[in-house]
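> Supplied in structure tokens, the structure appears directly below.
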Amino acid sequence: MLIFSTQGNAGSFFPESPAQLTVFDNNQQLYHSTCPELSRVRQPADNAAKLSFPFTLLNWNIYKQQNKNWRAKLLEWSAKADLLTLQEVKYSQPLKNFSLNNQFFYLHNYAFKYAGFIYGVNTLSKFPAMQVCATRYSEPWIIVPKTGLAAAYPLQNSSQTLLVINLHGVNFTFTSQPLKNQLQPYLSLIKQHNGPILFSGDFNTWTDARLESVELALIKSGFKETLFKKDLRISVFGLPLDHVYYRGLKIIDSQSIATNASDHSPQLVTFDIE
């Protein structure tokens with residue numbers, strides 16, 4: 001969940017240019033492509049890295065790195081991961097150092113700026129993306145934007161790519177319709193993609209209607225949801241907020257991990273080609 005006090009500084013919540021969607025990477029290259037229209041990512045000159053199977057995904061709402069042990073836990077879990085989909089990310093020097101020191105490429109979708117820091121969703125990987133697009137969707141009540149990010153990654157020994165979608169779902173709504181609207185560009189993107197897909201994030205599915213909206217849309221598109229033998233995901237009104245959906249893949253192992261490093265618990269899932 002994302003909650004700020006608006007006292008005295010409400011204007012600083014909003015992007016400097018609300019109409020300009022901005023994704024940037026670890027080379028400070030900027031991309032302005034709104035999903036479902038993908039744009040090509042500028043590749044490093046010596047790029048040869050591609051995703052091989054099996055691989056592991058870490059999905060985690062990192063709670064703006066507010067808890068003291070976020071870095072130690074992120075380091076521990078990311079050591080087992082090839083891909084990371086993070087939500088509520090504070091774009092800060094410690095996070096940049098983490099990416100550099102552990103040789104992660106990253107893409108960050110600028111949602112808003114607060115107290116001098118940019119916040120949004122962040123997708124990290126051990127190999128650079130080929131294509132990227134993103135969305136920004138304002139909360140109907142509080143206007144503060146929620147963002148999503150889609151990136152396509154090359155696969156070893158295949159002409160296909162892995163599409164990874166990272167979403168922070170709108171939260172403060174009377175009905176599930178805004179969440180349905182937020183999903184729509186990604187559902188259109190999925191129809192265009194010929195290859196395996198991961199769709200993960202903090203969907204804020206805290207009502208039956210919200211959860212059903214997400215599940216029905218993705219199941220209709222051929223997705224399955226990752227399940228956990230010991231489910232330690234954060235829940236509200238008995239419903240989990242964080243999910244990892246997949247298509248064209250099979251699960252080798254799935255873990256839901258308890259932690260005090262955030263107000264959300266991470267998921268660590270290992271996939272192989274279906």
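By convention here, the chains of the structure tokens are called A, B, ... in the order presented, each chain's residues are numbered starting at 1, and ligands are numbered starting at 1 in the order presented.
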Can you tell me which residues surround stretch 172-187 of chain A at a distance of at most 6 Å, considering only C-alpha atoms, apart from same-chain residues fewer than 5 positions away, and format the answer as a PyMOL selection string?
chain A and resi 35-36+210
> Enumerate as JSON, numbers by chain all residues of stretch 32-124 of chain A assigned to alpha helix (DSSP H) by DSSP on the backbone, naming them with the chain letters and numbers the document uses.
{"A": [70, 71, 72, 73, 74, 75, 76, 77, 78, 93, 94, 95, 96, 97, 98, 99, 100, 101]}
> Which residues of stretch 99-205 of chain A come within 9 Å of stretch 70-81 of chain A, and for each one, what is the closest pair of atoms and their distance in Å to one decimal, counting only C-alpha atoms, sorted by chain and residue number, as CSV?

residue,atom,partner,partner_atom,distance
A:Asn102,CA,A:Leu75,CA,8.4
A:Ser125,CA,A:Ala81,CA,8.4
A:Lys126,CA,A:Ala81,CA,8.6
> Could you give me, as an NGL selection string, each residue of stretch 26-263 of chain A that DSSP assigns to strand (DSSP E) when run on this structure's backbone?
:A and (30-31 or 39-40 or 55-61 or 83-91 or 105-114 or 117-125 or 131-138 or 145-154 or 161-168 or 197-202 or 224-225 or 235-236 or 239-240 or 242-247 or 249-256)
> Need to verify the contact set: A:Ile257, 7 Å, only C-alpha atoms, exclusion of same-chain residues closer than 5 positions in sequence. Can you return it as a compact mmCIF listing (two decimals) with all heavy atoms, in the first residue's frame?

# COMPACT_ATOMS: atom_id res chain seq x y z
N LEU A 232 2.61 -16.83 2.81
CA LEU A 232 2.88 -15.78 3.79
C LEU A 232 2.73 -14.39 3.18
O LEU A 232 3.23 -13.41 3.73
CB LEU A 232 4.30 -15.96 4.35
CG LEU A 232 4.55 -17.30 5.06
CD1 LEU A 232 6.01 -17.43 5.44
CD2 LEU A 232 3.67 -17.42 6.29
N SER A 265 5.38 -9.01 1.91
CA SER A 265 6.28 -10.17 1.87
C SER A 265 6.62 -10.50 0.42
O SER A 265 5.74 -10.43 -0.45
CB SER A 265 5.61 -11.38 2.52
OG SER A 265 5.30 -11.11 3.87
N PRO A 266 7.87 -10.86 0.15
CA PRO A 266 8.26 -11.17 -1.23
C PRO A 266 7.87 -12.57 -1.65
O PRO A 266 7.60 -13.45 -0.83
CB PRO A 266 9.77 -11.02 -1.19
CG PRO A 266 10.13 -11.41 0.21
CD PRO A 266 9.00 -10.92 1.08
N GLN A 267 7.86 -12.77 -2.99
CA GLN A 267 7.67 -14.09 -3.58
C GLN A 267 8.90 -14.40 -4.42
O GLN A 267 9.36 -13.54 -5.18
CB GLN A 267 6.42 -14.13 -4.45
CG GLN A 267 5.12 -13.78 -3.72
CD GLN A 267 4.87 -12.29 -3.74
OE1 GLN A 267 4.81 -11.66 -4.79
NE2 GLN A 267 4.72 -11.70 -2.56
> So, counting only C-alpha atoms, which residue among A:Ser92, A:Asn59, A:Thr85, A:Asn26 is closest to A:Tyr106?
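Using only C-alpha atoms, A:Tyr106 sits closest to A:Asn26.
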> Of the candidates A:Gln93, A:Ser138, A:Ser254, A:Asn61, which one gets nearest to A:Phe112 if we count only C-alpha atoms?
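Using only C-alpha atoms, the shortest distance to A:Phe112 belongs to A:Ser138.
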> Skipping near chain neighbours, those fewer than 4 positions away, what residues fall within 6 Å of A:Lys64 using only C-alpha atoms, listed as a VMD selection string?
chain A and resid 88 to 90
> Closest to A:Pro240 among A:Arg136, A:His264, A:Arg40, A:Lys68, using only C-alpha atoms?
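Among A:Arg136, A:His264, A:Arg40, A:Lys68, it is A:His264 that comes nearest to A:Pro240.
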> Which of these residues is nearest to A:Gln131, using only C-alpha atoms: A:Ser200, A:Ser33, A:Asn171, A:Asn166?
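That would be A:Ser33, the residue with the smallest distance to A:Gln131.
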> Of the candidates A:Gly201, A:Gly222, A:Gly116, A:Pro196, which one gets nearest to A:Asp242 if we count only C-alpha atoms?
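The shortest atom-to-atom distance to A:Asp242 comes from A:Gly201.
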> Restricting the calculation to only C-alpha atoms, which member of A:Leu268, A:Leu216, A:Leu38, A:Leu51 is positioned closest to A:Leu149?
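Answer, going by the shortest atom-to-atom distance: A:Leu38.
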> What does the distance between atom CA of A:Gly169 and atom CA of A:Asn204 come to in Å, to one decimal place?
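Atom CA of A:Asn204 lies at a distance of 5.6 Å from atom CA of A:Gly169.
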> Atom CA of A:Thr161 to atom CA of A:Ala217: how many Å, to one decimal?
22.1 Å
> For A:Gln255, find every residue with an atom within 10 Å (counting only C-alpha atoms), except residues of its own chain fewer than 2 positions away, and show them as a PyMOL selection string.
chain A and resi 58+226-233+253+257-258+266-270
> Store the residues picked out above, limited to N, CA and C atoms, as a short mmCIF file (atom, residue, chain, number, x, y, z; two decimals), in the first residue's frame.

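As a result, again30.cif now contains:
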data_model
loop_
_atom_site.label_atom_id
_atom_site.label_comp_id
_atom_site.auth_asym_id
_atom_site.auth_seq_id
_atom_site.Cartn_x
_atom_site.Cartn_y
_atom_site.Cartn_z
N LEU A 58 12.07 -12.65 -8.40
CA LEU A 58 11.73 -12.10 -7.09
C LEU A 58 10.73 -10.97 -7.30
N THR A 226 0.70 -18.33 -9.58
CA THR A 226 1.62 -19.03 -8.70
C THR A 226 0.97 -19.25 -7.34
N LEU A 227 1.02 -20.49 -6.86
CA LEU A 227 0.49 -20.84 -5.55
C LEU A 227 1.64 -21.22 -4.63
N PHE A 228 1.40 -21.15 -3.34
CA PHE A 228 2.45 -21.38 -2.35
C PHE A 228 1.96 -22.38 -1.30
N LYS A 229 2.80 -23.38 -0.99
CA LYS A 229 2.43 -24.36 0.04
C LYS A 229 2.24 -23.66 1.38
N LYS A 230 3.12 -22.74 1.69
CA LYS A 230 2.99 -21.92 2.90
C LYS A 230 2.87 -20.47 2.44
N ASP A 231 1.65 -19.99 2.39
CA ASP A 231 1.38 -18.67 1.81
C ASP A 231 1.51 -17.59 2.88
N LEU A 232 2.61 -16.83 2.81
CA LEU A 232 2.88 -15.78 3.79
C LEU A 232 2.73 -14.39 3.18
N ARG A 233 2.04 -14.31 2.05
CA ARG A 233 1.81 -13.00 1.44
C ARG A 233 0.95 -12.12 2.35
N ASP A 253 9.70 -24.22 -8.47
CA ASP A 253 9.65 -23.98 -7.03
C ASP A 253 9.03 -22.62 -6.77
N ILE A 257 7.81 -15.51 1.39
CA ILE A 257 8.77 -15.33 2.48
C ILE A 257 8.29 -14.26 3.45
N ALA A 258 8.29 -14.59 4.74
CA ALA A 258 7.94 -13.61 5.78
C ALA A 258 9.12 -12.69 6.03
N PRO A 266 7.87 -10.86 0.15
CA PRO A 266 8.26 -11.17 -1.23
C PRO A 266 7.87 -12.57 -1.65
N GLN A 267 7.86 -12.77 -2.99
CA GLN A 267 7.67 -14.09 -3.58
C GLN A 267 8.90 -14.40 -4.42
N LEU A 268 9.38 -15.63 -4.29
CA LEU A 268 10.55 -16.08 -5.04
C LEU A 268 10.12 -17.33 -5.81
N VAL A 269 10.10 -17.23 -7.15
CA VAL A 269 9.53 -18.30 -7.96
C VAL A 269 10.51 -18.69 -9.07
N THR A 270 10.76 -19.99 -9.20
CA THR A 270 11.65 -20.51 -10.24
C THR A 270 10.82 -21.15 -11.35
#
> Can you tell me which residues surround A:Val164 at a distance of at most 6 Å, considering only C-alpha atoms, apart from same-chain residues fewer than 4 positions away, and format the answer as a short mmCIF file (atom, residue, chain, number, x, y, z; two decimals) with N, CA, C and O atoms, in the first residue's frame?

data_model
loop_
_atom_site.label_atom_id
_atom_site.label_comp_id
_atom_site.auth_asym_id
_atom_site.auth_seq_id
_atom_site.Cartn_x
_atom_site.Cartn_y
_atom_site.Cartn_z
N ALA A 150 6.49 -2.83 -18.65
CA ALA A 150 6.63 -4.08 -19.40
C ALA A 150 7.95 -4.07 -20.14
O ALA A 150 8.34 -3.06 -20.74
N ALA A 151 8.65 -5.19 -20.11
CA ALA A 151 9.93 -5.31 -20.80
C ALA A 151 10.06 -6.69 -21.41
O ALA A 151 9.62 -7.69 -20.83
N ILE A 197 5.30 -15.33 -20.79
CA ILE A 197 4.99 -14.06 -20.15
C ILE A 197 4.91 -14.24 -18.63
O ILE A 197 4.34 -15.22 -18.15
N LEU A 198 5.46 -13.28 -17.91
CA LEU A 198 5.26 -13.14 -16.47
C LEU A 198 4.52 -11.83 -16.21
O LEU A 198 4.84 -10.80 -16.80
#
> List the neighbours of A:Thr34 out to 6 Å using only C-alpha atoms; skip same-chain residues closer than 6 positions along the sequence, and give me the result as a list of chain:residue names.
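Result of the neighbour search: A:Cys133, A:Ala134, A:Thr135.
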> Convert the current residue selection to file output with N, CA and C atoms, as a compact mmCIF listing (two decimals), in the first residue's frame.

# COMPACT_ATOMS: atom_id res chain seq x y z
N CYS A 133 7.93 -0.69 -22.51
CA CYS A 133 6.85 0.30 -22.51
C CYS A 133 6.33 0.39 -21.10
N ALA A 134 5.52 1.39 -20.82
CA ALA A 134 5.08 1.61 -19.45
C ALA A 134 3.76 2.37 -19.43
N THR A 135 3.17 2.45 -18.23
CA THR A 135 1.95 3.23 -18.03
C THR A 135 2.03 3.99 -16.72
